[in-house]
$ cat entry-v9.txt   # compact mmCIF, C-alpha atoms
# COMPACT_ATOMS: atom_id res chain seq x y z
CA MET A 1 75.04 92.49 107.50
CA PRO A 2 78.01 93.58 109.65
CA ALA A 3 77.21 96.00 112.45
CA GLN A 4 78.13 99.61 111.66
CA ALA A 5 81.05 101.03 113.63
CA PRO A 6 79.95 103.69 116.11
CA THR A 7 80.52 107.27 115.02
CA GLN A 8 82.78 109.79 116.73
CA ASP A 9 79.78 111.42 118.43
CA GLU A 10 78.33 108.09 119.58
CA LEU A 11 81.67 107.03 121.05
CA TYR A 12 81.99 110.34 122.84
CA ARG A 13 78.45 110.08 124.24
CA GLU A 14 79.19 106.60 125.55
CA ALA A 15 82.48 107.72 127.09
CA ALA A 16 80.95 110.80 128.67
CA GLU A 17 78.03 108.84 130.13
CA THR A 18 80.13 105.98 131.52
CA TYR A 19 83.23 107.85 132.64
CA ALA A 20 81.98 111.36 133.51
CA ALA A 21 82.58 110.93 137.25
CA ALA A 22 85.95 109.21 136.77
CA LEU A 23 87.11 112.04 134.47
CA GLU A 24 86.03 114.58 137.05
CA ARG A 25 88.05 112.76 139.73
CA LEU A 26 91.01 112.61 137.38
CA ALA A 27 90.85 116.37 136.71
CA ARG A 28 90.63 116.99 140.45
CA ALA A 29 93.79 114.93 140.99
CA TYR A 30 95.72 116.99 138.45
CA GLU A 31 94.48 120.48 139.32
CA ALA A 32 93.66 121.87 142.76
CA ASP A 33 92.26 125.24 141.67
CA PRO A 34 88.50 124.78 140.97
CA GLU A 35 88.37 127.39 138.20
CA VAL A 36 91.39 126.03 136.34
CA ARG A 37 90.12 122.49 136.96
CA ARG A 38 86.89 123.28 135.14
CA ASP A 39 88.95 124.35 132.13
CA LEU A 40 91.08 121.21 132.35
CA LEU A 41 87.99 119.00 132.47
CA GLN A 42 86.61 120.81 129.46
CA ASP A 43 89.93 120.30 127.64
CA ILE A 44 89.79 116.59 128.47
CA HIS A 45 86.29 116.31 127.02
CA ILE A 46 87.30 118.17 123.86
CA ALA A 47 90.43 116.00 123.50
CA LEU A 48 88.31 112.88 123.95
CA TRP A 49 85.78 113.92 121.34
CA ARG A 50 88.57 114.79 118.88
CA SER A 51 90.42 111.55 119.62
CA PHE A 52 87.45 109.41 118.60
CA GLU A 53 88.17 110.45 115.03
CA CYS A 54 91.11 108.02 115.25
CA PHE A 55 89.70 105.30 117.50
CA ASP A 56 90.07 102.00 115.67
CA GLY A 57 89.45 99.51 118.46
CA ARG A 58 93.12 98.53 118.76
CA CYS A 59 92.75 98.88 122.52
CA SER A 60 89.68 98.87 124.72
CA LEU A 61 87.52 101.97 124.98
CA ARG A 62 88.42 102.26 128.66
CA THR A 63 92.18 102.24 127.95
CA TRP A 64 91.71 104.82 125.18
CA ILE A 65 89.66 107.14 127.39
CA TYR A 66 92.11 106.99 130.28
CA ARG A 67 95.11 107.50 127.98
CA VAL A 68 93.59 110.58 126.38
CA ALA A 69 92.49 111.97 129.75
CA HIS A 70 95.85 111.37 131.44
CA ASN A 71 97.84 112.67 128.47
CA THR A 72 95.76 115.86 128.34
CA ALA A 73 96.20 116.30 132.08
CA VAL A 74 99.96 115.69 131.85
CA SER A 75 100.24 118.43 129.21
CA HIS A 76 98.42 120.66 131.66
CA VAL A 77 100.81 119.74 134.50
CA ILE A 78 103.86 120.46 132.30
CA LEU A 79 102.44 123.88 131.43
CA GLN A 80 101.46 124.68 135.02
CA ARG A 81 104.85 123.62 136.37
CA ARG A 82 106.50 126.19 134.15
CA LYS A 83 104.18 128.83 135.64
CA ARG A 84 104.14 127.73 139.27
CA SER A 85 107.55 125.98 139.58
CA GLN A 86 105.94 123.29 141.69
CA THR A 87 108.09 120.44 143.05
CA LEU A 88 106.67 116.96 142.55
CA VAL A 89 107.90 113.78 144.18
CA GLY A 90 108.09 110.13 143.15
CA LEU A 91 106.59 107.12 144.93
CA GLU A 92 110.11 105.97 145.91
CA GLU A 93 110.72 109.20 147.82
CA LEU A 94 107.31 109.12 149.47
CA ASP A 95 107.83 105.52 150.48
CA SER A 96 111.17 106.24 152.10
CA VAL A 97 110.29 109.50 153.86
CA PRO A 98 107.96 109.22 156.86
CA ASP A 99 105.02 111.61 157.00
CA HIS A 100 104.52 113.57 160.22
CA ARG A 101 100.85 112.54 160.27
CA GLU A 102 101.63 108.88 159.70
CA GLY A 103 99.32 106.48 161.51
CA GLU A 104 96.85 109.23 162.19
CA TRP A 105 93.72 107.78 160.54
CA ALA A 106 91.54 110.38 159.00
CA ALA A 107 88.42 109.90 161.06
CA ASP A 108 85.89 111.03 158.50
CA ARG A 109 85.63 110.57 154.75
CA HIS A 110 86.09 114.23 154.03
CA HIS A 111 89.35 114.42 155.93
CA ALA A 112 90.59 111.15 154.39
CA LEU A 113 89.77 112.38 150.90
CA GLU A 114 91.48 115.70 151.52
CA ARG A 115 94.69 113.98 152.61
CA LEU A 116 94.51 111.46 149.81
CA MET A 117 94.09 114.25 147.26
CA GLU A 118 97.02 116.14 148.74
CA LEU A 119 99.17 113.03 148.40
CA VAL A 120 98.08 112.31 144.81
CA GLN A 121 98.62 115.94 143.73
CA SER A 122 102.19 115.90 145.05
CA LEU A 123 103.24 113.01 142.79
CA LYS A 124 105.13 113.09 139.50
CA PRO A 125 102.87 112.58 136.46
CA LEU A 126 103.55 108.89 135.79
CA ASP A 127 103.31 107.92 139.46
CA ARG A 128 100.10 109.92 139.63
CA GLN A 129 98.72 107.91 136.71
CA VAL A 130 99.50 104.68 138.51
CA ILE A 131 98.01 105.69 141.87
CA LEU A 132 94.91 107.15 140.21
CA SER A 133 94.35 103.99 138.20
CA TYR A 134 94.87 101.94 141.34
CA LEU A 135 92.34 104.02 143.27
CA GLU A 136 89.89 103.69 140.37
CA GLY A 137 90.13 99.93 140.86
CA LEU A 138 92.02 99.02 137.66
CA ASP A 139 94.23 95.95 137.69
CA ALA A 140 98.00 95.91 137.01
CA ALA A 141 97.58 94.85 133.36
CA ALA A 142 95.21 97.74 132.62
CA ILE A 143 97.49 100.19 134.46
CA GLY A 144 100.44 98.98 132.37
CA GLU A 145 98.47 99.40 129.15
CA ILE A 146 97.41 102.95 130.02
CA SER A 147 100.71 104.18 131.42
CA GLY A 148 103.12 102.21 129.20
CA ILE A 149 105.08 101.12 132.29
CA SER A 150 106.33 97.53 132.27
CA PRO A 151 104.32 94.96 134.31
CA GLY A 152 107.25 94.50 136.69
CA ASN A 153 107.46 98.22 137.36
CA VAL A 154 103.70 98.52 137.76
CA ALA A 155 103.82 95.73 140.37
CA THR A 156 106.63 97.51 142.25
CA LYS A 157 104.79 100.81 142.15
CA ILE A 158 101.54 99.25 143.37
CA HIS A 159 103.45 97.61 146.21
CA ARG A 160 104.85 101.03 147.17
CA ILE A 161 101.42 102.64 146.90
CA LYS A 162 99.94 100.03 149.23
CA ASN A 163 102.76 100.65 151.73
CA ILE A 164 102.35 104.40 151.61
CA LEU A 165 98.58 104.27 151.92
CA ALA A 166 98.67 101.71 154.72
CA ARG A 167 101.21 103.75 156.66
CA ARG A 168 99.48 107.05 156.19
CA PHE A 169 95.88 106.01 156.52
CA GLN A 170 95.90 102.96 158.79
CA GLU A 171 93.00 103.14 161.24
CA GLY A 172 94.35 103.45 164.77
CA GLY A 173 97.80 103.86 163.23
CA ARG A 174 100.78 102.71 165.23
CA HIS A 175 98.60 102.13 168.29
CA GLY A 176 97.20 99.06 166.70
CA GLU A 177 100.59 97.52 165.99
CA MET B 178 83.74 102.63 157.77
CA ALA B 179 84.98 100.66 160.75
CA ASN B 180 86.82 97.37 160.29
CA GLU B 181 84.74 95.97 157.39
CA SER B 182 87.59 95.92 154.86
CA PRO B 183 91.33 96.51 154.56
CA PRO B 184 92.34 100.19 154.68
CA ASN B 185 93.28 100.38 150.99
CA ASP B 186 89.83 99.13 149.95
CA ARG B 187 88.26 101.74 152.17
CA LEU B 188 90.44 104.39 150.54
CA LYS B 189 89.41 103.21 147.08
CA CYS B 190 85.82 103.47 148.22
CA VAL B 191 86.38 107.01 149.59
CA TRP B 192 88.09 107.95 146.33
CA GLN B 193 85.45 106.54 144.02
CA ASN B 194 82.56 107.96 145.99
CA GLN B 195 83.79 111.51 146.30
CA PRO B 196 81.13 114.11 145.56
CA SER B 197 80.76 114.87 141.88
CA GLU B 198 79.76 118.20 140.36
CA GLY B 199 78.03 116.30 137.58
CA ILE B 200 79.43 118.44 134.79
CA HIS B 201 77.87 117.36 131.52
CA MET B 202 78.55 118.62 128.01
CA SER B 203 76.53 117.73 124.95
CA VAL B 204 78.22 116.91 121.65
CA ASP B 205 77.05 120.26 120.25
CA GLU B 206 78.54 122.05 123.22
CA ILE B 207 81.84 120.17 122.75
CA ARG B 208 81.88 121.02 119.05
CA ARG B 209 81.27 124.71 119.83
CA ARG B 210 83.97 124.81 122.50
CA ALA B 211 86.46 122.95 120.29
CA GLY B 212 85.96 125.62 117.60
CA LYS B 213 86.41 128.38 120.20
CA PHE B 214 89.56 126.66 121.49
CA HIS B 215 91.06 126.55 117.98
CA ARG B 216 90.27 130.20 117.39
CA LYS B 217 91.93 131.09 120.71
CA ILE B 218 95.09 129.25 119.69
CA TYR B 219 95.03 130.88 116.26
CA TRP B 220 94.81 134.38 117.76
CA ARG B 221 97.48 133.67 120.38
CA ASN B 222 99.92 132.58 117.66
CA SER B 223 98.90 135.50 115.46
CA ARG B 224 99.77 137.98 118.22
CA GLU B 225 103.31 136.57 118.40
CA TYR B 226 103.78 136.81 114.64
CA VAL B 227 102.40 140.35 114.54
CA ALA B 228 104.87 141.41 117.28
CA GLY B 229 107.72 139.91 115.19
CA LEU B 230 106.45 141.56 112.04
CA VAL B 231 106.28 144.97 113.73
CA VAL B 232 110.02 144.66 114.41
CA VAL B 233 110.60 143.59 110.79
CA VAL B 234 108.65 146.61 109.54
CA PHE B 235 110.70 148.90 111.80
CA PHE B 236 113.98 147.46 110.46
CA GLY B 237 112.56 147.62 106.94
CA PHE B 238 111.84 151.33 107.38
CA GLN B 239 115.38 151.91 108.66
CA PHE B 240 116.75 149.88 105.73
CA TRP B 241 114.91 152.13 103.30
CA ARG B 242 115.78 155.35 105.18
CA VAL B 243 119.55 155.10 105.79
CA PRO B 244 121.95 155.97 102.94
CA ASP B 245 124.99 154.00 104.17
CA ALA B 246 125.42 150.66 102.41
CA LEU B 247 126.93 148.79 105.37
CA THR B 248 124.16 149.98 107.71
CA ARG B 249 121.63 148.77 105.15
CA VAL B 250 123.35 145.40 105.05
CA GLY B 251 123.09 145.32 108.87
CA PHE B 252 119.34 146.07 108.82
CA GLY B 253 118.88 143.57 106.00
CA LEU B 254 120.57 140.87 108.08
CA MET B 255 118.44 141.80 111.11
CA ILE B 256 115.29 141.43 108.99
CA ALA B 257 116.45 138.05 107.68
CA GLY B 258 117.28 136.95 111.25
CA MET B 259 113.87 138.05 112.55
CA LEU B 260 112.02 136.28 109.71
CA TYR B 261 114.00 133.10 110.39
CA LEU B 262 113.21 133.42 114.10
CA ILE B 263 109.46 133.86 113.43
CA GLY B 264 109.52 130.79 111.16
CA GLN B 265 111.26 128.74 113.84
CA LEU B 266 108.86 129.98 116.52
CA HIS B 267 105.99 128.82 114.34
CA ARG B 268 107.60 125.43 113.68
CA LYS B 269 108.82 124.66 117.19
CA GLY B 270 107.15 126.77 119.78
CA SER B 271 103.71 127.85 118.66
CA ALA B 272 100.73 127.04 120.85
CA ARG B 273 98.95 124.03 119.43
CA SER B 274 96.01 121.83 120.19
CA LEU B 275 96.75 118.31 121.38
CA PRO B 276 96.97 115.65 118.65
CA ALA B 277 93.79 113.67 117.93
CA GLU B 278 95.73 110.38 117.99
CA MET B 279 96.64 110.90 121.64
CA GLY B 280 94.86 107.70 122.64
CA LEU B 281 97.43 105.68 120.69
CA ALA B 282 100.28 106.79 122.97
CA SER B 283 100.71 105.40 126.45
CA GLY B 284 101.33 107.83 129.29
CA LEU B 285 105.05 107.12 129.25
CA ASP B 286 105.44 107.64 125.48
CA PHE B 287 103.37 110.80 125.45
CA PHE B 288 105.13 112.32 128.46
CA ARG B 289 108.56 111.50 127.03
CA ARG B 290 107.68 113.01 123.64
CA GLU B 291 106.50 116.22 125.29
CA LEU B 292 109.68 116.46 127.37
CA GLU B 293 111.86 115.75 124.31
CA ARG B 294 110.06 118.45 122.35
CA GLN B 295 110.72 120.96 125.11
CA ARG B 296 114.35 119.83 125.53
CA ASP B 297 115.01 120.30 121.81
CA LEU B 298 113.37 123.70 121.90
CA VAL B 299 115.39 125.09 124.80
CA GLY B 300 118.58 123.13 124.03
CA SER B 301 118.92 124.61 120.55
CA VAL B 302 117.99 128.16 121.53
CA TRP B 303 121.37 129.43 120.32
CA SER B 304 120.86 128.21 116.79
CA TRP B 305 117.28 129.38 116.26
CA TYR B 306 116.64 132.22 118.70
CA LEU B 307 119.87 134.03 119.54
CA GLY B 308 122.26 133.13 116.71
CA PRO B 309 120.24 134.48 113.73
CA LEU B 310 120.25 138.00 115.21
CA ILE B 311 124.01 138.20 115.82
CA PRO B 312 125.29 138.84 112.24
CA GLY B 313 122.90 141.77 111.78
CA TRP B 314 123.76 143.15 115.21
CA VAL B 315 127.55 142.96 114.61
CA VAL B 316 127.31 144.55 111.15
CA LEU B 317 125.07 147.32 112.52
CA MET B 318 127.50 148.09 115.33
CA VAL B 319 130.47 148.20 112.91
CA ALA B 320 128.47 150.42 110.55
CA LEU B 321 127.49 152.72 113.40
CA ALA B 322 131.11 153.05 114.52
CA ARG B 323 132.29 153.65 110.93
CA THR B 324 129.71 156.26 110.03
CA ASN B 325 129.91 158.18 113.34
CA PRO B 326 133.61 158.24 114.30
CA GLY B 327 133.24 161.48 116.31
CA HIS B 328 130.22 160.14 118.10
CA LEU B 329 132.19 157.01 118.92
CA ARG B 330 135.09 158.99 120.38
CA HIS B 331 132.80 160.73 122.85
CA PHE B 332 130.63 157.82 123.73
CA GLY B 333 133.11 154.94 123.26
CA LEU B 334 132.75 153.65 126.78
CA THR B 335 128.95 153.73 126.70
CA PHE B 336 129.02 152.02 123.32
CA ALA B 337 131.31 149.25 124.62
CA ALA B 338 129.28 148.85 127.82
CA PHE B 339 126.06 148.59 125.82
CA ASN B 340 127.51 145.86 123.61
CA LEU B 341 128.97 144.04 126.58
CA PHE B 342 125.57 144.16 128.26
CA ALA B 343 123.89 142.76 125.12
CA ALA B 344 126.50 139.98 124.89
CA LEU B 345 126.04 139.11 128.56
CA ALA B 346 122.25 139.03 128.12
CA PHE B 347 122.68 136.61 125.20
CA VAL B 348 125.01 134.35 127.20
CA PHE B 349 122.67 134.49 130.21
CA VAL B 350 119.63 133.43 128.14
CA TRP B 351 121.70 130.67 126.53
CA LYS B 352 122.99 129.32 129.87
CA LEU B 353 119.51 129.44 131.40
CA ASN B 354 118.14 127.40 128.52
CA GLN B 355 121.05 124.94 128.65
CA ARG B 356 120.28 124.34 132.32
CA ALA B 357 116.60 123.78 131.54
CA ALA B 358 117.58 121.32 128.77
CA ARG B 359 119.78 119.34 131.19
CA ARG B 360 116.94 119.22 133.73
CA LEU B 361 114.55 117.94 131.07
CA GLN B 362 117.12 115.37 129.93
CA ARG B 363 117.36 114.02 133.49
CA ARG B 364 113.58 113.54 133.53
CA ILE B 365 113.73 111.82 130.13
CA ASP B 366 116.48 109.51 131.43
CA GLU B 367 114.24 108.58 134.37
CA LEU B 368 111.48 107.63 131.94
CA ASN B 369 113.91 105.68 129.74
CA ALA B 370 115.05 103.78 132.82
CA LEU B 371 111.42 102.85 133.54
CA GLU B 372 111.07 101.54 130.00
CA GLY B 373 114.45 99.81 130.06
CA GLN B 374 113.31 97.61 132.90
CA ARG B 375 110.64 95.93 130.81

$ encode --input "entry-v9.txt" --output "structure tokens"
Amino acid sequence: MPAQAPTQDELYREAAETYAAALERLARAYEADPEVRRDLLQDIHIALWRSFECFDGRCSLRTWIYRVAHNTAVSHVILQRRKRSQTLVGLEELDSVPDHREGEWAADRHHALERLMELVQSLKPLDRQVILSYLEGLDAAAIGEISGISPGNVATKIHRIKNILARRFQEGGRHGE
Amino acid sequence: MANESPPNDRLKCVWQNQPSEGIHMSVDEIRRRAGKFHRKIYWRNSREYVAGLVVVVFFGFQFWRVPDALTRVGFGLMIAGMLYLIGQLHRKGSARSLPAEMGLASGLDFFRRELERQRDLVGSVWSWYLGPLIPGWVVLMVALARTNPGHLRHFGLTFAAFNLFAALAFVFVWKLNQRAARRLQRRIDELNALEGQR
């Protein structure tokens, strides 16, 4: 007898159990205000649960979860930008403009995380998707599948991300060069 | 964290191990909140329609009250314009919940669709938001001038200034939206360029 397909609720439970922390990190990367972030995270969970109505296994569960989460967060960014008129930058700009704190390694985790978050939150939505997926440890193929960016472009963006991160967070910074 | 791995691996580690608030929601809780979310959207949209309908009722009352045929035509056109505007607001601009099939669209596709939707909304503001009110407005102004010639002689300048101000406000709103549409188009072009390089 063929195994029964998991129900919407079962899929959601699995997603929430496996990816709860990753979704929380994702919400944090898209919204700095803790109160609004709580709402965004709740919206992501609701969107996920609703989306499992349509999940047909055409892509992996991981890809589906990240797509829904990023797409919900992007809608949030679009809405917030209209309210806050926030200026976001692309990886290309970040890569070409030196940061005044470049080479100054954040001595403790907390400081490093704070600066990393600041950098991620300043990025345009698609670049933010790529850097977040990279920091979550996904490979280029998975990043391409989630973001819809071509493999060549994903490779270029990852190269830029590595440059930016190495320049901004290198331990000992320029002294070590 | 000293020297055990390349800096980017350390950063990934810092990222993935950031403190979590451990927010957990049961399926029942999600179901309850989803229902609440839909009701919120429903009431938000309803408020907009009610505001539009209040204006329609006001014009309807004026339509019924005034004896002059041309003035009635003017109010009738204003009512038709408002109803068209409410319909378009519902079709294009109403608050909505995100589609359930969101997982089928990649980030790029979804983002582009959202930007295109907004571009179309603001780019066509003349045809669905401003334009429908103009015929009624013009007919009302002509009717007002025709039925109150003495009034017009005394207050001609104020009357002209008022209409000029209204026209300028319309042009200002239109230009503002055109600029927003061009900005959105530039962002869409950037996304198309990303896709074109596949």

$ interface_residues --input "entry-v9.txt" --of "chain A" --to "chain B" --cutoff "8 Å" --atoms "only C-alpha atoms" --output "VMD selection string"
chain A and resid 9 12 to 13 16 20 to 22 24 to 25 45 to 47 49 to 55 64 to 65 67 to 68 70 to 72 74 to 75 109 112 to 113 126 129 135 to 137 145 to 153 162 165 to 166 169 to 171

$ write_last_selection --input "entry-v9.txt" --atoms "C-alpha atoms" --output "JSON list (two decimals), in the frame of the given file"
[["chain", "number", "residue", "atom", "x", "y", "z"],
["A", 9, "ASP", "CA", 79.78, 111.42, 118.43],
["A", 12, "TYR", "CA", 81.99, 110.34, 122.84],
["A", 13, "ARG", "CA", 78.45, 110.08, 124.24],
["A", 16, "ALA", "CA", 80.95, 110.80, 128.67],
["A", 20, "ALA", "CA", 81.98, 111.36, 133.51],
["A", 21, "ALA", "CA", 82.58, 110.93, 137.25],
["A", 22, "ALA", "CA", 85.95, 109.21, 136.77],
["A", 24, "GLU", "CA", 86.03, 114.58, 137.05],
["A", 25, "ARG", "CA", 88.05, 112.76, 139.73],
["A", 45, "HIS", "CA", 86.29, 116.31, 127.02],
["A", 46, "ILE", "CA", 87.30, 118.17, 123.86],
["A", 47, "ALA", "CA", 90.43, 116.00, 123.50],
["A", 49, "TRP", "CA", 85.78, 113.92, 121.34],
["A", 50, "ARG", "CA", 88.57, 114.79, 118.88],
["A", 51, "SER", "CA", 90.42, 111.55, 119.62],
["A", 52, "PHE", "CA", 87.45, 109.41, 118.60],
["A", 53, "GLU", "CA", 88.17, 110.45, 115.03],
["A", 54, "CYS", "CA", 91.11, 108.02, 115.25],
["A", 55, "PHE", "CA", 89.70, 105.30, 117.50],
["A", 64, "TRP", "CA", 91.71, 104.82, 125.18],
["A", 65, "ILE", "CA", 89.66, 107.14, 127.39],
["A", 67, "ARG", "CA", 95.11, 107.50, 127.98],
["A", 68, "VAL", "CA", 93.59, 110.58, 126.38],
["A", 70, "HIS", "CA", 95.85, 111.37, 131.44],
["A", 71, "ASN", "CA", 97.84, 112.67, 128.47],
["A", 72, "THR", "CA", 95.76, 115.86, 128.34],
["A", 74, "VAL", "CA", 99.96, 115.69, 131.85],
["A", 75, "SER", "CA", 100.24, 118.43, 129.21],
["A", 109, "ARG", "CA", 85.63, 110.57, 154.75],
["A", 112, "ALA", "CA", 90.59, 111.15, 154.39],
["A", 113, "LEU", "CA", 89.77, 112.38, 150.90],
["A", 126, "LEU", "CA", 103.55, 108.89, 135.79],
["A", 129, "GLN", "CA", 98.72, 107.91, 136.71],
["A", 135, "LEU", "CA", 92.34, 104.02, 143.27],
["A", 136, "GLU", "CA", 89.89, 103.69, 140.37],
["A", 137, "GLY", "CA", 90.13, 99.93, 140.86],
["A", 145, "GLU", "CA", 98.47, 99.40, 129.15],
["A", 146, "ILE", "CA", 97.41, 102.95, 130.02],
["A", 147, "SER", "CA", 100.71, 104.18, 131.42],
["A", 148, "GLY", "CA", 103.12, 102.21, 129.20],
["A", 149, "ILE", "CA", 105.08, 101.12, 132.29],
["A", 150, "SER", "CA", 106.33, 97.53, 132.27],
["A", 151, "PRO", "CA", 104.32, 94.96, 134.31],
["A", 152, "GLY", "CA", 107.25, 94.50, 136.69],
["A", 153, "ASN", "CA", 107.46, 98.22, 137.36],
["A", 162, "LYS", "CA", 99.94, 100.03, 149.23],
["A", 165, "LEU", "CA", 98.58, 104.27, 151.92],
["A", 166, "ALA", "CA", 98.67, 101.71, 154.72],
["A", 169, "PHE", "CA", 95.88, 106.01, 156.52],
["A", 170, "GLN", "CA", 95.90, 102.96, 158.79],
["A", 171, "GLU", "CA", 93.00, 103.14, 161.24]]

$ atom_distance --input "entry-v9.txt" --atom1 "CA of Tyr261 (chain B)" --atom2 "CA of Tyr219 (chain B)"
20.0 Å

$ closest_residue --input "entry-v9.txt" --among "B:Val316, B:Gly308, B:Ile218, B:Val299" --to "Asn354 (chain B)" --atoms "only C-alpha atoms"
B:Val299

$ axis_aligned_box --input "entry-v9.txt" --around "region 230-244 of chain B" --padding-each-side "5 Å" --output "JSON"
{"center_x": 114.1, "center_y": 148.8, "center_z": 108.7, "size_x": 25.7, "size_y": 24.4, "size_z": 21.5}

$ atom_distance --input "entry-v9.txt" --atom1 "CA of Arg289 (chain B)" --atom2 "CA of His76 (chain A)"
14.4 Å

$ atom_distance --input "entry-v9.txt" --atom1 "CA of Ile158 (chain A)" --atom2 "CA of Ala142 (chain A)"
12.6 Å

$ closest_residue --input "entry-v9.txt" --among "B:Leu317, B:Val243, B:Ala228, B:Ala346" --to "Met255 (chain B)" --atoms "all atoms listed in the file"
B:Leu317

$ closest_residue --input "entry-v9.txt" --among "B:Arg296, B:Arg360, B:Glu225, B:His215" --to "Asp43 (chain A)" --atoms "all atoms listed in the file"
B:His215

$ decode --input "entry-v9.txt" --residues "region 222-248 of chain B" --atoms "C-alpha atoms" --output "compact mmCIF listing (two decimals), in the first residue's frame"
# COMPACT_ATOMS: atom_id res chain seq x y z
CA ASN B 222 -10.97 46.89 3.19
CA SER B 223 -14.50 47.46 4.46
CA ARG B 224 -13.48 50.77 6.05
CA GLU B 225 -12.19 52.01 2.67
CA TYR B 226 -15.40 51.02 0.90
CA VAL B 227 -17.56 52.61 3.59
CA ALA B 228 -15.62 55.89 3.25
CA GLY B 229 -16.24 55.78 -0.54
CA LEU B 230 -19.89 54.95 -0.04
CA VAL B 231 -20.37 57.87 2.37
CA VAL B 232 -19.25 60.19 -0.45
CA VAL B 233 -21.61 58.40 -2.86
CA VAL B 234 -24.51 58.84 -0.42
CA PHE B 235 -23.67 62.54 -0.06
CA PHE B 236 -23.67 63.02 -3.85
CA GLY B 237 -26.82 60.92 -4.08
CA PHE B 238 -28.56 63.23 -1.60
CA GLN B 239 -27.45 66.28 -3.62
CA PHE B 240 -28.63 64.58 -6.82
CA TRP B 241 -32.07 64.09 -5.30
CA ARG B 242 -32.18 67.58 -3.73
CA VAL B 243 -31.15 69.93 -6.57
CA PRO B 244 -33.75 70.90 -9.20
CA ASP B 245 -31.35 71.85 -12.02
CA ALA B 246 -30.94 69.11 -14.62
CA LEU B 247 -27.30 69.86 -15.49
CA THR B 248 -26.29 69.91 -11.81
